[in-house]
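Data file: my_file.cif. Format and content: mmCIF, C-alpha atoms.
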data_work
#
loop_
_atom_site.label_atom_id
_atom_site.label_comp_id
_atom_site.auth_asym_id
_atom_site.auth_seq_id
_atom_site.Cartn_x
_atom_site.Cartn_y
_atom_site.Cartn_z
CA MET I 1 -8.72 -12.09 21.56
CA ALA I 2 -12.08 -11.38 19.94
CA VAL I 3 -12.14 -8.90 17.06
CA PRO I 4 -11.40 -5.54 18.71
CA TYR I 5 -13.79 -2.69 18.10
CA LEU I 6 -10.99 -0.15 17.66
CA SER I 7 -7.35 -0.47 16.61
CA ILE I 8 -5.09 2.42 17.61
CA VAL I 9 -1.86 2.64 15.60
CA VAL I 10 1.12 4.68 16.86
CA PRO I 11 4.45 5.14 15.03
CA MET I 12 7.04 5.24 17.81
CA ARG I 13 10.41 6.91 18.28
CA GLU I 14 13.19 6.86 20.84
CA GLY I 15 12.75 8.42 24.26
CA VAL I 16 8.97 8.32 24.65
CA PRO I 17 8.32 9.22 28.32
CA SER I 18 6.73 6.74 30.72
CA ALA I 19 3.90 9.24 31.37
CA TRP I 20 2.72 8.74 27.78
CA PHE I 21 2.61 4.95 28.15
CA GLU I 22 0.70 5.26 31.41
CA ALA I 23 -1.92 7.49 29.79
CA PHE I 24 -2.11 5.40 26.61
CA LEU I 25 -2.80 2.18 28.50
CA GLN I 26 -5.74 3.80 30.27
CA VAL I 27 -7.85 3.50 27.11
CA LYS I 28 -10.82 1.28 27.98
CA GLY I 29 -12.91 -1.20 26.04
CA GLU I 30 -12.35 -3.62 23.17
CA VAL I 31 -9.18 -2.02 21.85
CA GLU I 32 -6.07 -3.19 20.01
CA LEU I 33 -2.99 -1.03 20.70
CA ILE I 34 -0.39 -1.23 17.91
CA LEU I 35 3.05 0.31 18.40
CA VAL I 36 5.47 0.38 15.45
CA TYR I 37 9.13 1.10 16.21
CA PRO I 38 11.82 2.06 13.69
CA PRO I 39 14.67 -0.42 13.12
CA GLY I 40 17.37 -0.33 15.76
CA CYS I 41 15.02 1.15 18.36
CA ARG I 42 14.52 -1.15 21.32
CA PRO I 43 10.82 -1.42 22.20
CA ASP I 44 10.23 -0.06 25.69
CA ALA I 45 6.48 -0.57 26.02
CA PRO I 46 5.27 -1.98 29.36
CA PRO I 47 3.51 -5.35 29.27
CA ASP I 48 -0.17 -5.29 28.36
CA PRO I 49 -2.17 -8.06 26.65
CA ARG I 50 -3.78 -5.53 24.30
CA LEU I 51 -0.44 -4.37 22.92
CA LYS I 52 0.99 -5.49 19.58
CA VAL I 53 4.56 -4.31 19.05
CA PHE I 54 6.21 -4.27 15.63
CA SER I 55 9.52 -3.10 14.17
CA SER I 56 9.31 -1.64 10.67
CA PRO I 57 11.85 -2.56 7.93
CA PHE I 58 13.22 0.99 7.94
CA ARG I 59 12.63 4.31 9.62
CA GLY I 60 9.97 6.70 8.37
CA GLU I 61 6.38 7.76 9.00
CA VAL I 62 5.00 6.06 5.88
CA ILE I 63 6.45 2.60 6.48
CA GLN I 64 5.78 2.71 10.23
CA ARG I 65 2.14 3.74 9.83
CA LEU I 66 1.60 1.33 6.95
CA SER I 67 3.08 -1.53 8.97
CA GLY I 68 0.70 -0.80 11.82
CA LEU I 69 -2.38 -0.22 9.70
CA ILE I 70 -1.93 -3.38 7.65
CA ASN I 71 -1.87 -5.36 10.90
CA ALA I 72 -4.91 -3.59 12.38
CA THR I 73 -7.80 -6.02 12.89
CA GLY I 74 -10.36 -3.72 14.54
CA THR I 75 -13.71 -2.79 13.08
CA TYR I 76 -12.50 0.82 13.22
CA VAL I 77 -9.00 2.26 13.22
CA LEU I 78 -7.34 5.40 14.58
CA THR I 79 -3.77 6.69 14.17
CA ILE I 80 -2.13 9.09 16.60
CA ASN I 81 1.44 10.13 17.39
CA CYS I 82 3.50 9.18 20.43
CA ASP I 83 3.19 12.68 21.91
CA GLU I 84 -0.62 12.71 21.80
CA TYR I 85 -2.97 11.77 24.62
CA LEU I 86 -6.38 10.12 24.12
CA ASN I 87 -9.48 10.32 26.25
CA PRO I 88 -9.68 6.84 27.85
CA ALA I 89 -13.35 6.61 26.79
CA VAL I 90 -12.58 6.94 23.04
CA VAL I 91 -13.90 3.42 22.32
CA GLN I 92 -17.18 4.21 24.05
CA LEU I 93 -17.39 7.44 22.05
CA ALA I 94 -16.83 5.62 18.75
CA ARG I 95 -19.40 2.96 19.61
CA GLN I 96 -22.06 5.53 20.39
CA TYR I 97 -21.29 7.58 17.29
CA PHE I 98 -21.32 4.74 14.75
CA LYS I 99 -24.42 3.24 16.34
CA ARG I 100 -26.22 6.52 15.64
CA PHE I 101 -24.56 7.09 12.25
CA PRO I 102 -23.92 3.57 10.87
CA GLU I 103 -23.38 4.89 7.32
CA SER I 104 -20.52 7.17 8.39
CA TRP I 105 -16.96 6.38 7.42
CA VAL I 106 -15.17 8.66 9.84
CA LEU I 107 -15.36 10.47 13.18
CA ARG I 108 -12.90 13.35 13.54
CA LEU I 109 -11.73 13.87 17.12
CA SER I 110 -11.52 17.35 18.60
CA THR I 111 -7.93 18.21 19.52
CA GLN I 112 -6.45 20.57 22.09
CA LYS I 113 -2.87 21.69 21.41
CA THR I 114 -0.64 22.04 24.46
CA GLU I 115 2.78 23.62 24.90
CA TYR I 116 5.70 21.21 24.82
CA GLY I 117 6.66 20.14 28.33
CA ASN I 118 3.38 21.20 29.95
CA GLN I 119 2.67 17.81 31.48
CA ALA I 120 0.04 19.23 33.82
CA ALA I 121 -2.14 20.19 30.83
CA LEU I 122 -1.74 16.73 29.33
CA ASP I 123 -2.62 15.01 32.62
CA ALA I 124 -5.60 17.24 33.44
CA PRO I 125 -8.90 15.39 34.05
CA TRP I 126 -10.95 14.80 30.92
CA GLN I 127 -14.30 16.51 30.64
CA PRO I 128 -17.37 14.24 30.34
CA LEU I 129 -18.22 13.15 26.83
CA PRO I 130 -21.45 14.47 25.30
CA ASP I 131 -24.54 12.33 25.02
CA MET I 132 -24.14 11.07 21.47
CA ALA I 133 -27.80 10.14 21.20
CA ALA I 134 -28.89 13.70 21.95
CA ILE I 135 -26.15 15.86 20.40
CA GLU I 136 -27.32 18.05 17.53
CA THR I 137 -25.72 18.19 14.09
CA CYS I 138 -24.82 21.15 11.90
CA SER I 139 -23.37 21.72 8.44
CA TYR I 140 -22.17 24.27 5.92
CA ARG I 141 -24.83 22.99 3.52
CA ASP I 142 -27.69 24.50 5.50
CA ARG I 143 -25.58 27.32 6.99
CA THR I 144 -25.89 26.04 10.55
CA HIS I 145 -22.14 25.46 10.97
CA GLN I 146 -21.90 28.23 13.61
CA ARG I 147 -23.57 25.82 16.02
CA TYR I 148 -20.40 23.73 16.01
CA GLU I 149 -18.86 26.19 18.48
CA GLU I 150 -21.91 25.65 20.68
CA GLY I 151 -21.34 21.90 20.88
CA ALA I 152 -22.96 20.43 17.75
CA LEU I 153 -21.47 17.74 15.50
CA LEU I 154 -20.19 19.26 12.23
CA GLU I 155 -20.87 17.32 9.03
CA ILE I 156 -17.83 16.24 7.01
CA PRO I 157 -18.59 16.06 3.27
CA ILE I 158 -16.42 14.02 0.96
CA ALA I 159 -13.56 15.99 -0.62
CA PRO I 160 -14.70 17.70 -3.87
CA LEU I 161 -12.43 15.55 -6.00
CA ASN I 162 -14.51 16.15 -9.12
CA ASN I 163 -13.61 19.86 -9.15
CA ARG I 164 -11.97 20.97 -12.36
CA PHE I 165 -8.23 21.55 -12.49
CA ASP I 166 -7.65 25.15 -11.35
CA LEU I 167 -4.63 26.80 -12.99
CA GLY I 168 -5.08 29.74 -10.64
CA PHE I 169 -2.87 27.98 -8.09
CA LEU I 170 0.08 29.47 -9.98
CA TRP I 171 -0.62 33.03 -8.77
CA ARG I 172 -3.02 32.73 -5.82
CA GLY I 173 -2.42 29.25 -4.41
CA ARG I 174 -5.01 26.56 -3.89
CA GLN I 175 -8.63 27.48 -3.19
CA ASP I 176 -10.69 24.29 -3.33
CA HIS I 177 -9.14 22.80 -0.18
CA HIS I 178 -11.08 25.30 1.94
CA GLY I 179 -14.26 24.04 3.54
CA SER I 180 -15.47 21.46 6.03
CA HIS I 181 -14.20 18.41 4.12
CA THR I 182 -11.05 16.67 5.30
CA GLU I 183 -7.91 15.68 3.42
CA ASN I 184 -5.87 14.10 6.22
CA PHE I 185 -6.24 10.67 7.80
CA ASP I 186 -4.62 11.12 11.22
CA LYS I 187 -6.55 11.74 14.48
CA LYS I 188 -9.78 10.34 13.07
CA VAL I 189 -11.65 7.10 13.69
CA TRP I 190 -12.14 5.42 10.29
CA GLN I 191 -14.07 2.38 9.12
CA ASN I 192 -11.28 -0.16 8.81
CA GLU I 193 -12.75 -2.14 5.92
CA ARG I 194 -12.48 0.93 3.70
CA VAL I 195 -9.03 1.74 5.06
CA GLN I 196 -7.68 -1.70 4.17
CA ALA I 197 -9.02 -1.37 0.62
CA ALA I 198 -7.37 2.06 0.25
CA LEU I 199 -4.08 0.72 1.62
CA GLN I 200 -3.99 -1.90 -1.12
CA GLU I 201 -4.41 0.85 -3.72
CA ILE I 202 -1.46 2.73 -2.22
CA LEU I 203 0.75 -0.35 -2.03
CA GLN I 204 -0.03 -1.23 -5.65
CA GLY I 205 0.81 2.32 -6.69
CA MET I 206 4.25 1.98 -5.09
CA THR I 207 5.21 -0.76 -7.56
CA LEU I 208 7.02 0.86 -10.48
CA ALA I 209 8.01 -2.21 -12.48
CA GLY I 210 8.38 -5.81 -11.34
CA PRO I 211 10.33 -5.85 -8.07
CA VAL I 212 11.16 -2.13 -8.28
CA LYS I 213 9.15 -0.17 -5.73
CA TYR I 214 8.98 3.45 -4.64
CA MET I 215 8.14 4.33 -1.06
CA PRO I 216 8.35 7.89 0.31
CA PHE I 217 9.61 8.32 3.87
CA TRP I 218 7.07 10.91 5.01
CA CYS I 219 3.57 12.30 4.46
CA LEU I 220 1.20 9.36 4.49
CA ASP I 221 -1.45 11.50 6.22
CA ARG I 222 -2.98 13.27 3.21
CA LEU I 223 -2.04 10.51 0.78
CA LEU I 224 -4.16 7.98 2.68
CA GLY I 225 -6.97 10.39 3.52
CA LEU I 226 -7.51 11.36 -0.11
CA SER I 227 -6.86 7.87 -1.50
CA LEU I 228 -9.64 6.55 0.71
CA GLN I 229 -12.07 9.20 -0.49
CA ALA I 230 -11.04 8.79 -4.13
CA LYS I 231 -11.58 5.04 -4.08
CA PHE I 232 -15.12 5.35 -2.71
CA PHE I 233 -16.00 8.73 -4.19
CA GLN I 234 -19.62 9.81 -4.53
CA PRO I 235 -20.28 13.53 -5.15
CA ASP I 236 -21.62 15.55 -2.21
CA GLN I 237 -21.71 12.55 0.12
CA VAL I 238 -21.53 13.16 3.88
CA ILE I 239 -18.88 10.73 5.16
CA GLY I 240 -18.81 11.62 8.87
CA HIS I 241 -18.72 14.30 11.53
CA LYS I 242 -16.26 16.38 13.53
CA MET I 243 -16.56 16.23 17.30
CA PRO I 244 -16.92 19.52 19.20
CA GLN I 245 -15.09 20.56 22.36
CA PRO I 246 -14.30 19.52 25.03
CA GLU I 247 -11.34 17.77 23.42
CA GLN I 248 -10.98 14.02 23.08
CA LEU I 249 -7.29 14.22 22.14
CA ARG I 250 -4.45 16.37 23.44
CA SER I 251 -1.56 17.03 21.12
CA GLU I 252 1.74 18.25 22.51
CA ASP I 253 3.99 20.52 20.46
CA ASN I 254 7.05 18.60 19.30
CA PRO I 255 10.44 19.28 20.89
CA PRO I 256 12.80 21.28 18.63
CA GLU I 257 14.72 18.22 17.47
CA TYR I 258 11.54 16.68 16.03
CA LYS I 259 10.16 19.75 14.27
CA ARG I 260 8.92 18.90 10.78
CA ARG I 261 10.59 21.30 8.41
CA GLY I 262 10.87 21.44 4.67
CA ARG I 263 9.23 18.13 3.82
CA PHE I 264 8.31 17.74 0.18
CA TYR I 265 4.79 16.34 0.24
CA ILE I 266 4.74 15.77 -3.49
CA PHE I 267 7.06 12.77 -3.11
CA ALA I 268 4.16 10.94 -1.43
CA GLU I 269 1.15 12.54 -3.06
CA ILE I 270 2.28 11.98 -6.62
CA LEU I 271 1.00 8.44 -5.96
CA LEU I 272 -2.52 9.89 -5.87
CA LEU I 273 -2.31 10.96 -9.49
CA ARG I 274 -0.85 7.65 -10.53
CA ARG I 275 -3.94 5.84 -9.28
CA PHE I 276 -6.67 8.51 -9.68
CA PRO I 277 -5.76 10.76 -12.64
CA GLN I 278 -9.44 11.49 -13.37
CA TYR I 279 -9.84 13.96 -10.49
CA GLY I 280 -9.08 17.63 -11.18
CA TYR I 281 -8.80 18.33 -7.43
CA LEU I 282 -5.73 16.10 -7.27
CA TRP I 283 -4.12 17.78 -10.30
CA THR I 284 -4.51 21.16 -8.58
CA LEU I 285 -3.03 19.74 -5.38
CA ILE I 286 0.01 18.27 -7.14
CA GLY I 287 0.51 21.37 -9.27
CA HIS I 288 0.55 23.50 -6.13
CA GLN I 289 3.06 21.13 -4.50
CA ILE I 290 5.36 21.38 -7.54
CA ARG I 291 5.08 25.17 -7.35
CA GLU I 292 6.20 25.01 -3.70
CA VAL I 293 9.26 22.81 -4.30
CA PRO I 294 11.73 25.65 -5.16
CA VAL I 295 10.57 27.72 -2.18
CA ARG I 296 10.89 24.81 0.23
CA ALA I 297 14.28 23.85 -1.21
CA ILE I 298 15.63 27.38 -0.71
CA ASN I 299 14.27 27.51 2.83
CA SER I 300 15.76 24.10 3.60
CA VAL I 301 19.21 25.16 2.37
CA GLY I 302 18.93 28.40 4.33
CA ARG I 303 18.30 26.52 7.57
CA LYS I 304 21.42 24.40 7.03
CA LEU I 305 23.73 27.36 6.45
CA PRO I 306 25.77 28.42 9.50
CA LYS I 307 24.19 31.37 11.30
CA ARG I 308 26.32 34.37 12.24
CA SER I 309 25.83 36.63 15.21
CA GLN I 310 23.94 39.78 14.29
CA SER I 311 26.20 41.91 16.52
CA ASN I 312 29.46 40.47 15.17
CA PRO I 313 29.30 38.33 12.02
CA SER I 314 32.71 36.81 12.79
CA GLN I 315 31.61 35.39 16.13
CA VAL I 316 30.64 31.77 16.48
CA PRO I 317 27.09 31.43 17.90
CA SER I 318 26.93 30.44 21.53
CA ALA I 319 25.61 27.05 22.60
CA LYS I 320 22.29 28.48 23.77
CA ASN I 321 21.53 29.64 20.20
#

Rendering of file as structure tokens:
Amino acid sequence: MAVPYLSIVVPMREGVPSAWFEAFLQVKGEVELILVYPPGCRPDAPPDPRLKVFSSPFRGEVIQRLSGLINATGTYVLTINCDEYLNPAVVQLARQYFKRFPESWVLRLSTQKTEYGNQAALDAPWQPLPDMAAIETCSYRDRTHQRYEEGALLEIPIAPLNNRFDLGFLWRGRQDHHGSHTENFDKKVWQNERVQAALQEILQGMTLAGPVKYMPFWCLDRLLGLSLQAKFFQPDQVIGHKMPQPEQLRSEDNPPEYKRRGRFYIFAEILLLRRFPQYGYLWTLIGHQIREVPVRAINSVGRKLPKRSQSNPSQVPSAKN
């Protein structure tokens, strides 16, 4: 296979419906489809020459995404989840965008959230893609960002990593994460050469001493997004654009058993400070995460405690609860 234009990486889980596979395999063009299953999960992907199927050493978002990304050979790379549906013309969209903006690192897809189980909304016909050669751009810099809602591309500046450490997070939370920049990696088409360089930084940061390594189970999304920007940081640089509606990706709400609750992001993002301690933005981020640990821990314990019926505390909750 020639070098694919786009690699799409998907961390898999058990019980992915056949409707998702059918939609996923409709993606057209020079594409590499990478599915990464957790250990003990039997791959159930239908045959397709564009598919690459891997099993990760252990279960977890970080190791599954890393395993897929390290094996991605496309010029550009995109990660989605196995409950998200892509416009089949996403490769064409990426080609047109990066032809017009060859200096861009990233194209953020526009997402439409659908209710869990609403298969009709997921299977609805996709609206035609805009003419990338003619679409206008807008930005917060020149105060034209309102045109995004009218169908313009919105500039994505690099994260303001050179902001000073803000101790105000202790009483009012973080402030410098607001704006049109992005922190997260997922659901965006990235220049793979930069991604591979950032991955090496993350993998090196996981080595504590000799053969001793530390790898968090969850929360690669922001860790990779900010690591990438920190490695290639230039102040005030525009690194890409956000696509307007109509959506190019449909994201289904997770079923109750897969709800993400009480994850401690700091266990992953502390790796940012280990590699890039010079950026005040990251110190504020980590400080805020440390501040949130007691609250999240209390909430996590509260969810695990047995719930009593409000009408009669001695009653055991019924199965439907």

Query - Distance in Å - CA of Ile34 (chain I) versus CA of Val10 (chain I) - result: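 Atom-to-atom, CA of Ile34 (chain I) and CA of Val10 (chain I) are spaced 6.2 Å apart.
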
Report task. Go through I:Gln26, I:Asn192, I:Ser18, I:Gln64 and flag the residue nearest Phe217 (chain I), using all atoms listed in the file for the distances. Result -> I:Gln64

Could you give me, as a compact mmCIF listing (two decimals) with C-alpha atoms, in the frame of the given file, the residues that sit within 7 Å of (0.0, 23.4, -2.3) in the file's coordinates, counting all atoms listed in the file?
# COMPACT_ATOMS: atom_id res chain seq x y z
CA GLY I 173 -2.42 29.25 -4.41
CA ARG I 174 -5.01 26.56 -3.89
CA LEU I 285 -3.03 19.74 -5.38
CA HIS I 288 0.55 23.50 -6.13
CA GLN I 289 3.06 21.13 -4.50
CA GLU I 292 6.20 25.01 -3.70

Query - From I:Pro46, I:Pro160, I:Gly205, I:Gly40, residue lying nearest Tyr281 (chain I) [only C-alpha atoms] - result: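 Checking each candidate against Tyr281 (chain I), we get I:Pro160 as the closest.
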
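Under the PyMOL selection byres ((chain I and resi 3) around 12), the matching residues in the shown file are Met1, Ala2, Pro4, Tyr5, Leu6, Ser7, Gly29, Glu30, Val31, Glu32, Arg50, Ala72, Thr73, Gly74, Thr75 and Tyr76 of chain I.
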
**Report entry** Point-to-point distance in Å for CA of Phe185 (chain I) and CA of Ala45 (chain I)
**Finding:** 24.9 Å

On this structure, which residues satisfy the PyMOL selection byres ((chain I and resi 226) around 12), written as a tab-separated table (two decimals) with C-alpha atoms, keeping the file's coordinate frame?
chain	number	residue	atom	x	y	z
I	158	ILE	CA	-16.42	14.02	0.96
I	159	ALA	CA	-13.56	15.99	-0.62
I	160	PRO	CA	-14.70	17.70	-3.87
I	161	LEU	CA	-12.43	15.55	-6.00
I	177	HIS	CA	-9.14	22.80	-0.18
I	181	HIS	CA	-14.20	18.41	4.12
I	182	THR	CA	-11.05	16.67	5.30
I	183	GLU	CA	-7.91	15.68	3.42
I	184	ASN	CA	-5.87	14.10	6.22
I	185	PHE	CA	-6.24	10.67	7.80
I	186	ASP	CA	-4.62	11.12	11.22
I	195	VAL	CA	-9.03	1.74	5.06
I	198	ALA	CA	-7.37	2.06	0.25
I	199	LEU	CA	-4.08	0.72	1.62
I	201	GLU	CA	-4.41	0.85	-3.72
I	202	ILE	CA	-1.46	2.73	-2.22
I	220	LEU	CA	1.20	9.36	4.49
I	221	ASP	CA	-1.45	11.50	6.22
I	222	ARG	CA	-2.98	13.27	3.21
I	223	LEU	CA	-2.04	10.51	0.78
I	224	LEU	CA	-4.16	7.98	2.68
I	225	GLY	CA	-6.97	10.39	3.52
I	227	SER	CA	-6.86	7.87	-1.50
I	228	LEU	CA	-9.64	6.55	0.71
I	229	GLN	CA	-12.07	9.20	-0.49
I	230	ALA	CA	-11.04	8.79	-4.13
I	231	LYS	CA	-11.58	5.04	-4.08
I	232	PHE	CA	-15.12	5.35	-2.71
I	233	PHE	CA	-16.00	8.73	-4.19
I	268	ALA	CA	4.16	10.94	-1.43
I	269	GLU	CA	1.15	12.54	-3.06
I	270	ILE	CA	2.28	11.98	-6.62
I	271	LEU	CA	1.00	8.44	-5.96
I	272	LEU	CA	-2.52	9.89	-5.87
I	273	LEU	CA	-2.31	10.96	-9.49
I	275	ARG	CA	-3.94	5.84	-9.28
I	276	PHE	CA	-6.67	8.51	-9.68
I	279	TYR	CA	-9.84	13.96	-10.49
I	281	TYR	CA	-8.80	18.33	-7.43
I	282	LEU	CA	-5.73	16.10	-7.27
I	285	LEU	CA	-3.03	19.74	-5.38

Requested in this report: Rounded to one decimal place, report the CA of Pro17 (chain I)-CA of Cys82 (chain I) distance in Å.
Outcome: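 If I compute the distance from CA of Pro17 (chain I) to CA of Cys82 (chain I), I get 9.2 Å.
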